[in-house]
Every structure is written in C-alpha cells, then in structure tokens.
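What follows is a short report on a single structure.
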Amino acid sequence: MFKKALPLIAMLAVVSLVLTACPTAGGPSEILIGINAPMTGDIPKVGEGTKYAAEIAVDEINSAGGLEVGGKKYKIKTIIEDNESTAEGSTAAATKLITQDNVLIMVGAQASKQAIPAGQVANDNECPMISPWSTNPRTTKDRPWVFRGCFLDPFQGPVDAKFAMEELGAKKAAVLYDVASDYPKGLAEEFKKAFETMGGEVVAFETFTTKDKDFSAQLTKIKAAGPDVLFVPQYYDEVPLIVKQARELGITVPILGSDSWGSAELMKLCGDPCKGSFFSTHYAAAGAKGKTKEFIDKYKEKYGYVPDDVGALTYDVMHIAFQAIQDCGKLTGDLKADRKCVRDALAKIKNFDGITGKMTFTEEGDPLKCAVIVKINDAGEFEFYKSACPEGME
Amino acid sequence: MAQLLRRIKEFLGRIPLLAYLLGFLAATGVEIVAGQAFGLLIGLGGVPAFFGVTAALSRLNMDGGLGGLLLSIPSMLLYIVPALVYDVVIYGLPTLLVGRVLAKPVRWFTSTLPEWLTGLVHMVTLFLSMWVWGGLVGYRLLVVMYIGVNIIMASSLNLINGYMGEFSCGHAGFMAVGAYVSSLLTVWLFTQDDVFGAPVLGAGWSIILFPLILIVGGIAAGIAGLLVAFPSFKTRGDYLAIVTISVNFIIKSAIENIEKIGGPRGFMGMKGVLRTMTSVINVPWLLIWTFIGVLITLVVIHNFVSSTKGKGVVAIREDEIAAELMSVNTRHTKVLAFTISSFFAGVAGGLFAHVLGYINPSTFTIFKSTEALVMVYLGGMGSLTGSVLSAGIFTVAMEALRPLEVWKKVLVWLMLILLMMYRREGIMGGKELTDFISLERLGLRRPAKEVKGYAPAAD
C-alpha cells in the first residue's frame with residue numbers, strides 16, 4: 001500500500017511546491033472596506049442606514065473611476081457583515097472581516113455594545129477601525145487602532161445641560177432613563193453632573209428597565225417634583241411612548257433629548273406630541289446646505305426617506321477612510337504595512353470637512369467636533385436651532 | 001453502484017480514527033503551504049474559512065427581492081464548484097492518503113500501547129489539528145472556541161433537560177455568574193485595570209491560576225444553582241421553566257445594578273489577562289483550556305449519568321414516583337444534577353468571557369438560554385454525542401448563514417420546526433456514537449484478546 005501511495009504523495013508535494021512558488025497577482029486592484037453593522041436584532045434601522053449611506057459614498061467614488069492612490073485608481077468594494085446587534089456577533093463579524101476577508105479598514109460597529117468588543121478585535125489584529133456612532137469613551141480608550149466619527153457622552157451631557165439652563169432657562173431638571181442600557185445611563189449621569197455643577201437642581205432622577213412600556217409611575221413622580229425641563233436620553237422606539245404619556249399626564253415643560261432621538265422613524269411613531277421638543281445631535285437635516293444637502297437629496301431619491309444621523313455619520317466616516325487611504329500615498333499589497341500606513345494617516349487628519357461638521361482627531365482617536373441642537377418643528381422636521389462646540393473650535 | 005458504495009465504505013472503515021486525525025493534520029499542513037495559492041488559482045480569492053460554505057452563501061443577493069435572489073443563485077453555484085475542488089484537493093485527498101498509509105502503523109500502535117495513552121494521543125492530535133487549522137485564519141479559531149463553549153453549555157443543559165427530563169430555561173443566568181466571577185478574579189489578579197488598579201500577582205501565576213479561576217467561576221455558578229434548586233424543585237414541568245426564566249432575569253438585573261462591575265456598561269480587560277499569559281509562555285492558552293474544559297465536561301457528565309446516582313436521574317425522567325419507590329432519593333438527586341449542570345454553565349461562561357474579552361449583562365438574556373435549549377433538542381435529549389454534534393452544527397450554521405441576514409433566523413427556526421415534525425428525538429435520538437461504531441473499531445480500545453488454551457471449566 002505504501003509503495004502505491006508514494007508516487008501520489010510525491011506528486012502532491014510537487015504540486016503544492018509549484019503552487020507556492022506561483023507569484024500572486026501583482027498588487028491589489030481594488031480596496032476592501034469592511035462594514036460591521038446591526039442588520040438584524042434590536043436596531044435594524046441603524047444597520048439599514050449604515051448600509052445605504054456607505055453605498056452612496058462608495059458609488060460616488062466608483063462612478064468617478066475609483067479612488068486615486070499614488071497615481072493608480074482603485075475600485076472600492078465593501079463587505080457588509082451583520083453583527084446581530086450583540087457583543088459576540090460583533091466580535092465574530094469583526095474577526096471575520098479582518099482575518100478572513102482581509103479588509104484594509106473596518107467601518108462600524110455602530111452602537112457601543114457592539115463597538116467596544118469590535119474595537120478590541122481591531123486593536124488586537126492591528127487593523128484600523130472607525131466607529132461612526134459609538135459615543136462610549138471605552139470604544140477608543142487605549143486603542144491606537146480605533147477611531148470614531150462622533151462626539152462622546154461626556155461632551156454631549158454638558159451640552160444638553162448648558163442648553164437647558166441657558167436657552168430654556170431651567171433651574172430644576174428631571175431625568176427619566178433606562179437603567180439597564182449602557183448609553184442612556186451614561187448620558188443621564190453626565191447630564192446630572194453638569195447640571196448640578198452649573199448650579200441647577202435635578203429634582204427627579206427616575207429610571208426604568210429596557211422594554212418597559214408603562215412609565216406613568218415615574219412620570220407622576222416627575223410631575224409632582226415640578227421641573228422646568230425633562231431630559232429623556234432614550235432611543236427612538238421608546239421616546240414616543242414616554243413623550244405621549246408625559247403629555248397625557250399633563251407635563252407641559254419642554255422635553256429635551258439626545259442624539260439617539262434622531263432616527264427617521266421617530267416622527268412616524270410619535271407624531272404631534274413630539275413637536276416642539278429639542279434634542280442634541282450630529283447634524284440637522286431640515287434646512288441643510290451644500291454637501292449635506294447633496295447627500296440628503298441623493299439618499300432621499302434612492303431610498304425614499306431623509307437619512308438620520310447614523311447615515312450622515314457613516315457617510316462622513318467612509319470619506320474619512322477614503323482620505324486616509326489617499327493620504328497614505330501608496331498601497332503595497334502587504335496588508336500589514338498598508339493597514340499601519342492607513343492608521344497613521346487617520347491619526348494625522350486635521351479639519352476634515354464632513355457633512356456633520358469639521359473634525360480633527362485627538363490622540364485617543366476621538367474627533368473634536370460640534371454638536372447641534374435640533375428643534376422638532378411644527379412640520380415634524382428636525383430643524384437646526386443652535387450649535388455647541390468644544391473649546392478651541394469656532 | 002451498490003458495490004462501489006460498499007467498497008468505499010469498506011475502504012473508509014479500515015482506517016482507524018487516529019489515522020483520520022493524523023490525515024487531517026497533514027491536510028492542514030498542505031493548506032498552510034498551498035492553500036492560499038491554490039485558492040487564488042481556482043478563483044476562490046484565497047483560503048476559504050469554512051470549506052467555502054460561508055463565502056458561497058454570501059454570493060446570494062438579499063436586497064433585490066425574489067428576482068434578485070434567484071438571479072444570484074448561479075453565481076453561488078459558480079462558487080461552489082471551485083470550493084468543492086478546493087475541499088477535495090486540500091482536505092479530502094491528503095486526509096485519505098495519509099490516513100490509508102498510516103492505517104496499519106496506527107493499528108499496531110494502538111494495539112500495543114495502554115488504552116489511556118492511546119486516548120491521550122488521540123486528544124493531542126485532535127488539539128493540534130484544531131490549532132493548526134484554526135491558526136491559519138483568526139476567524140476559524142474564534143468559531144472553534146465558540147463551538148467549545150457551546151458544547152459545554154449544551155451538554156450541561158442536557159443533564160437537566162435531556163437526562164432528567166425537567167425543563168430549565170435559565171442556563172444563561174448561570175453562565176453569567178461564571179463569566180463575571182472568573183473575569184473579575186482574573187482581571188483583579190493579573191492586569192492593570194481602572195477598577196482594581198495594579199495586578200496583585202506576578203505574571204507567572206496567571207498560567208497556574210487561570211484554570212483554577214475558571215473552576216471558581218463554576219463553583220459560584222454551582223452555588224447559585226443550588227440556591228435556586230432548593231426551593232424550585234418542589235415544582236415540576238412548566239412551573240420549573242417559569243422559575244428558571246425568572247432566575248435568568250434576576251441575575252441579569254442584579255448585574256445591571258451593580259455599578260462597581262460596570263453595570264449595563266459591561267466589564268472588560270480579559271484580553272489583558274490573556275496577554276499576560278502569553279507573555280509568559282506563548283501558546284494559545286484559551287484554546288487549550290476550552291479544549292480541556294470540553295473534555296472534562298463530557299467525561300464528568302458521561303460518568304455521572306453512568307453512575308448509580310446518575311441512573312437515578314434517568315429514573316426520575318421515566319417516572320418520578322416509581323423512582324422514589326425504588327429508593328432513589330429524588331430530591332437529592334435533582335439538586336445534585338442541577339448543581340453540576342450550573343457548575344459547567346459557569347465554566348462555559350468563564351471561557352466565553354475570555355474569548356470575547358468583553359461581557360455585558362444583555363449578552364446573557366433569555367435568548368442565550370434559548371440557544372442552549374435549541375442545541376439540546378437539536379442533538380437529541382440524553383445524548384452527549386448529540387450535544388457535541390448540534391453545538392458544532394448550530395454554531396457553524398449561525399456563522400455561515402450570516403450573509404442571509406434576517407432570513408437566517410427564519411431558516412434556523414424552520415429547520416427546528418421540521419426537526420420537531422419529522423424527527424422529534426433529535427439528531428442522535430438518545431443514542432451515543434458508540435452505539436453505532438464500537439470503540440475497538442475506532443481504535444480507541446484494544447480488541448479483546450483471545451486467550452489460548454482456555455476452556456470453560458466443566459462441572
């Protein structure tokens with residue numbers, strides 16, 4: 001038996017040697033960008049917005065013949081992986097994109113619950129990653145390979161507090177938030193801290209748990225405390241329930257929200273009760289000008305609705321990625337070297353002029369950028385009201 | 001045709017398990033040397049992650065409605081052909097060739113060595129092939145470890161839901177206890193962390209203490225299980241299901257409300273622990289411990305259900321009153337089985353936490369428990385082989401079907417419905433692998449020796 005098998009084994013060995021010696025095709029002809037998005041799970045609308053915005057950004061480049069890097073044009077190809085809106089799904093999706101699909105750079109994940117573990121994978125495998133939407137500081141903390149395209153909770157909280165105090169003239173504030181969810185809880189605490197340092201008083205700090213539908217007990221307490229403003233840093237699917245119930249219980253004070261309100265779905269679910277409320281966000285769609293308007297028009301024409309902040313941020317992040325690749329100057333085909341080059345280029349980006357504002361990355365990989373306060377006008381549109389910038393920016 | 005099949009079967013049957021394992025190890029070697037180039041040559045664009053299944057499915061176009069989907073089927077088929085060629089050339093041929101060549105030496109080897117050593121050699125070979133195969137693509141390694149964790153989850157839940165016939169739905173809760181306890185300990189002891197500060201012990205300790213900490217996590221989960229078992233085993237059936245579901249919720253909410261360990265923000269730093277471990281000796285520690293964890297779980301549960309006490313567990317499933325009458329201490333047996341089951345769920349949680357490097361209470365919801373339930377019923381109640389198989393199938397399917405997005409869930413649950421309609425007993429149906437192929441045949445046990453000159457005593 002061994003004698004019979006010997007020539008076969010020898011043949012196999014020769015074939016494998018020949019194959020190894022074969023030169024691999026000279027240099028890549030396209031650039032792979034991985035997108036880690038929640039296409040299924042709790043927040044599929046976020047995944048959809050990510051995908052559509054990325055498609056628009058890629059179309060712009062590819063229809064112009066591709067991205068020019070070092071005198072050569074490359075087509076952009078995206079690979080979208082669904083992270084199921086879970087931590088382990090996000091880890092698997094990121095690992096697959098980085099180690100199996102060999103993407104040059106990864107965009108996403110979006111929510112912090114997915115972006116924190118995905119950032120871990122990206123950092124461990126030394127692949128640059130930009131999360132468009134994750135506002136938790138830990139996503140980028142101590143991770144040189146991870147960047148983000150939005151401001152952080154410790155910035156947004158004080159912005160909201162300052163707005164409540166100075167523009168709405170509030171002395172007493174009430175907060176209602178989900179204690180079991182990472183993002184609202186963080187933001188509620190940041191708001192409370194900032195509001196109290198500015199000399200205000202938080203008269204009610206009420207909580208509920210994810211998937212609660214009835215808030216009457218908390219809202220009754222809030223009403224009794226007599227606040228001047230109600231802060232609700234919740235997601236777009238919960239806000240309508242809370243706002244409606246608050247108005248029904250006779251709470252007439254202004255309601256203030258955070259960037260998680262800014263979904264295309266909000267007004268569909270909420271309707272009249274939400275009109276007149278304010279929230280802080282990344283960009284305002286109504287009355288947008290220039291590049292922002294171009295993007296909104298393209299998106300609306302192609303997919304039939306006005307893009308929300310996730311879409312706008314993803315679009316910006318895609319362009320930041322393109323610019324970093326361009327700044328890199330040359331793609332060698334050696335993935336490890338190219339990833340390093342793109343990361344270094346990302347860290348150097350200054351005053352990137354995006355549709356959600358100007359951005360400059362800090363050493364932590366977080367951008368310095370302005371927040372926008374939006375008012376929901378009587379037509380139900382998100383209208384620009386005021387912008388709030390970190391120190392040192394206009 | 002029938003004769004050909006018979007000859008193939010005969011050919012395959014002559015090769016002992018160890019020769020197959022060595023063959024696969026050789027195949028992974030071939031893949032390392034030639035996989036990338038061969039994959040590029042036949043148009044796969046490199047090494048496929050899972051024999052080309054994932055990449056083939058991702059060729060499907062899920063956006064264009066039914067028309068787009070149907071139109072994309074040819075492109076999937078076009079991918080499947082080279083993928084099959086790849087699988088045959090890179091995996092199939094080397095495995096069979098090396099297996100056939102080594103069949104005789106392996107037979108000789110296994111018949112001379114003591115059985116425990118043969119077993120050990122099998123395990124080491126299996127581990128090496130996992131390591132080499134997974135090491136080529138980081139994604140494979142992750143999925144292999146997910147499978148390991150799921151095997152522990154499924155087989156430990158099988159003890160309650162399969163062997164004992166009770167219905168527990170809170171397995172993820174015990175997993176969470178194990179995950180948090182072991183992560184907190186490892187991060188506190190071995191890494192620089194915001195919450196705990198500087199590492200308490202030197203890096204060298206991490207290697208020795210890591211498995212012990214996993215056990216501590218398991219014990220914590222076991223204690224949690226014990227606390228639940230005492231009051232709740234006065235109830236049965238649906239009521240027990242409700243109790244265990246609520247325990248799952250209680251544990252999740254409790255963790256959410258403990259601000260010190262991150263609350264809903266989750267807890268991280270476990271990757272730092274692994275870095276500390278690899279800085280001492282650079283081997284894939286987590287894969288090693290997942291592998292050993294799986295082995296220990298299977299051996300302990302198998303031995304438990306084969307023991308006198310464990311037979312009582314099966315007796316309870318058949319008829320609790322009759323078991324009581326036959327002197328089975330049903331209450332004690334139930335509590336013991338539940339504690340063992342929770343213990344292993346805790347160990348699985350500890351491994352899971354270190355694989356992910358980040359845990360969050362919302363990871364351990366009722367959905368995670370449901371996954372464990374699905375694996376138990378898919379594999380078959382009361383079959384460890386079934387649990388191993390279904391954990392593998394389920395985990396890989398969840399990964400491979402990812403490109404189908406929402407339809408993945410439809411497909412997975414549809415499969416489950418079909419299974420319940422046409423094969424209610426699950427894949428293995430309460431049988432083990434050894435019911436089909438004997439250990440002697442696999443080469444795991446020495447064939448019984450014929451004793452010469454032996455004649456039964458005449459009386």
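Labeling convention for the structure tokens: chains A, B, ... as they appear, residues from 1 per chain, ligands from 1 in order of appearance.
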Can you tell me which residues surround range 154-163 of chain B at a distance of at most 7 Å, considering only C-alpha atoms, apart from same-chain residues fewer than 4 positions away, and format the answer as a list in words?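 That gives Asn150, Phe167, Ser168, Val313, Val314, Arg317, Ala337, Phe338, Ser341, Phe344, Ala345, Ala372, Met375, Val376, Met381, Gly382, Leu384, Ser387 and Ala391 of chain B.
The residues of chain B lying at most 6 Å from chain A, with only C-alpha atoms taken into account, are B:Ala34, B:Ala37, B:Val101, B:Val137, B:Gly138, B:Tyr139, B:Glu256, B:Pro264, B:Arg265, B:Tyr358, B:Val406.
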Could you write out the selected residues, including N, CA and C atoms, as an mmCIF file, in the first residue's frame?
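New file selection_9.cif:
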data_model
loop_
_atom_site.group_PDB
_atom_site.id
_atom_site.type_symbol
_atom_site.label_atom_id
_atom_site.label_comp_id
_atom_site.auth_asym_id
_atom_site.auth_seq_id
_atom_site.Cartn_x
_atom_site.Cartn_y
_atom_site.Cartn_z
ATOM 1 N N ALA B 34 0.002 25.403 0.623
ATOM 2 C CA ALA B 34 -0.502 25.652 -0.724
ATOM 3 C C ALA B 34 -1.893 26.271 -0.756
ATOM 4 N N ALA B 37 -2.332 29.947 -2.375
ATOM 5 C CA ALA B 37 -2.039 29.979 -3.808
ATOM 6 C C ALA B 37 -3.087 29.190 -4.584
ATOM 7 N N VAL B 101 -2.244 5.344 4.406
ATOM 8 C CA VAL B 101 -0.850 4.933 4.596
ATOM 9 C C VAL B 101 -0.578 4.628 6.068
ATOM 10 N N VAL B 137 -6.463 31.079 9.955
ATOM 11 C CA VAL B 137 -7.365 32.232 9.855
ATOM 12 C C VAL B 137 -7.921 32.499 11.255
ATOM 13 N N GLY B 138 -7.722 33.711 11.765
ATOM 14 C CA GLY B 138 -8.156 34.027 13.121
ATOM 15 C C GLY B 138 -9.637 33.751 13.344
ATOM 16 N N TYR B 139 -10.418 33.943 12.299
ATOM 17 C CA TYR B 139 -11.868 33.762 12.399
ATOM 18 C C TYR B 139 -12.230 32.317 12.731
ATOM 19 N N GLU B 256 -26.801 44.251 36.272
ATOM 20 C CA GLU B 256 -27.027 45.591 35.730
ATOM 21 C C GLU B 256 -26.989 46.661 36.813
ATOM 22 N N PRO B 264 -24.744 48.134 33.381
ATOM 23 C CA PRO B 264 -25.111 47.831 31.988
ATOM 24 C C PRO B 264 -23.988 48.120 31.005
ATOM 25 N N ARG B 265 -22.955 48.849 31.469
ATOM 26 C CA ARG B 265 -21.870 49.195 30.567
ATOM 27 C C ARG B 265 -20.960 48.008 30.304
ATOM 28 N N TYR B 358 -15.004 40.908 26.529
ATOM 29 C CA TYR B 358 -15.943 41.959 26.972
ATOM 30 C C TYR B 358 -17.266 41.292 27.296
ATOM 31 N N VAL B 406 -31.785 38.692 7.885
ATOM 32 C CA VAL B 406 -32.995 38.326 8.628
ATOM 33 C C VAL B 406 -33.438 36.896 8.330
#
Go through A:Lys275, A:Lys213, A:Arg148, A:His282 and flag the residue nearest Leu256 in chain A, using only C-alpha atoms for the distances.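 Ranking A:Lys275, A:Lys213, A:Arg148, A:His282 by distance to Leu256 in chain A, first place goes to A:Lys275.
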Among range 259-320 of chain A, which ones does DSSP place in helix (DSSP H, G or I), written as a ChimeraX atom specification? /A:259-261,266-270,272-274,290-303,309-320
Counting only C-alpha atoms, what is within 6 Å of range 95-99 of chain B, bar same-chain residues fewer than 6 positions away, as a list in words? Ala19, Tyr20, Gly23, Phe24 and Ala27 of chain B
Fewer than 4 positions away in the same chain doesn't count, so skip those; otherwise give me all residues within 12 Å of Ala397 in chain B, counting only C-alpha atoms, as a ChimeraX atom specification. /B:50,53-54,57,143,147,375,389-393,401-404,408-409,411-413,415
Within 12 Å of Ile208 in chain B using only C-alpha atoms, minus same-chain residues under 2 positions, as an MDAnalysis selection string: chainID B and resid 186 190 201:206 210:214 277 280:281 285 289
Contact residues around Lys172 in chain A with only C-alpha atoms at 8 Å, ignoring same-chain residues under 3 positions, as an MDAnalysis selection string: chainID A and resid 200:203 226:229
Which residues are near range 325-334 of chain B? Cut-off 9 Å, only C-alpha atoms, ignore same chain within fewer than 5 positions. Put them as a list in words.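 My list of contacting residues is Ile160, Met164, Ala229, Phe230, Phe233, Lys234, Lys309, Gly310, Gly312, Val313, Ala315, Ile316, Glu320 and Thr339 of chain B.
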Expected file: the selected residues, N, CA and C atoms, as an mmCIF file, in the first residue's frame:
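In the end it all went to again06.cif:
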data_model
loop_
_atom_site.group_PDB
_atom_site.id
_atom_site.type_symbol
_atom_site.label_atom_id
_atom_site.label_comp_id
_atom_site.auth_asym_id
_atom_site.auth_seq_id
_atom_site.Cartn_x
_atom_site.Cartn_y
_atom_site.Cartn_z
ATOM 1 N N ILE B 160 -29.992 18.277 32.636
ATOM 2 C CA ILE B 160 -31.296 18.609 33.215
ATOM 3 C C ILE B 160 -32.422 18.298 32.236
ATOM 4 N N MET B 164 -32.658 14.270 32.752
ATOM 5 C CA MET B 164 -33.584 14.292 33.883
ATOM 6 C C MET B 164 -35.005 14.606 33.427
ATOM 7 N N ALA B 229 -32.128 25.599 43.179
ATOM 8 C CA ALA B 229 -32.658 24.233 43.159
ATOM 9 C C ALA B 229 -33.489 23.930 44.402
ATOM 10 N N PHE B 230 -33.027 24.410 45.581
ATOM 11 C CA PHE B 230 -33.719 24.055 46.818
ATOM 12 C C PHE B 230 -35.198 24.413 46.797
ATOM 13 N N PHE B 233 -37.310 22.942 43.154
ATOM 14 C CA PHE B 233 -37.578 21.567 42.767
ATOM 15 C C PHE B 233 -38.757 20.955 43.507
ATOM 16 N N LYS B 234 -39.480 21.801 44.219
ATOM 17 C CA LYS B 234 -40.779 21.332 44.695
ATOM 18 C C LYS B 234 -41.776 21.401 43.549
ATOM 19 N N LYS B 309 -25.821 6.910 41.151
ATOM 20 C CA LYS B 309 -26.575 8.128 41.414
ATOM 21 C C LYS B 309 -27.204 8.671 40.126
ATOM 22 N N GLY B 310 -26.371 8.638 39.058
ATOM 23 C CA GLY B 310 -26.815 9.182 37.783
ATOM 24 C C GLY B 310 -27.942 8.381 37.161
ATOM 25 N N GLY B 312 -30.257 7.230 38.734
ATOM 26 C CA GLY B 312 -31.432 7.787 39.380
ATOM 27 C C GLY B 312 -31.993 8.963 38.608
ATOM 28 N N VAL B 313 -31.073 9.759 37.981
ATOM 29 C CA VAL B 313 -31.509 10.911 37.182
ATOM 30 C C VAL B 313 -32.409 10.444 36.044
ATOM 31 N N ALA B 315 -33.979 7.641 35.919
ATOM 32 C CA ALA B 315 -35.185 7.047 36.504
ATOM 33 C C ALA B 315 -36.230 8.127 36.787
ATOM 34 N N ILE B 316 -35.773 9.293 37.240
ATOM 35 C CA ILE B 316 -36.700 10.399 37.511
ATOM 36 C C ILE B 316 -37.403 10.818 36.229
ATOM 37 N N GLU B 320 -41.167 9.638 38.152
ATOM 38 C CA GLU B 320 -40.610 10.121 39.405
ATOM 39 C C GLU B 320 -41.092 9.302 40.600
ATOM 40 N N THR B 339 -27.014 21.265 40.307
ATOM 41 C CA THR B 339 -25.780 21.950 40.703
ATOM 42 C C THR B 339 -24.652 21.639 39.731
#
Between A:Ala37, A:Ala115, A:Cys270, A:Ala54, which has the minimum distance to Lys244 in chain A (counting only C-alpha atoms)?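 For Lys244 in chain A, the nearest of the given residues is A:Cys270.
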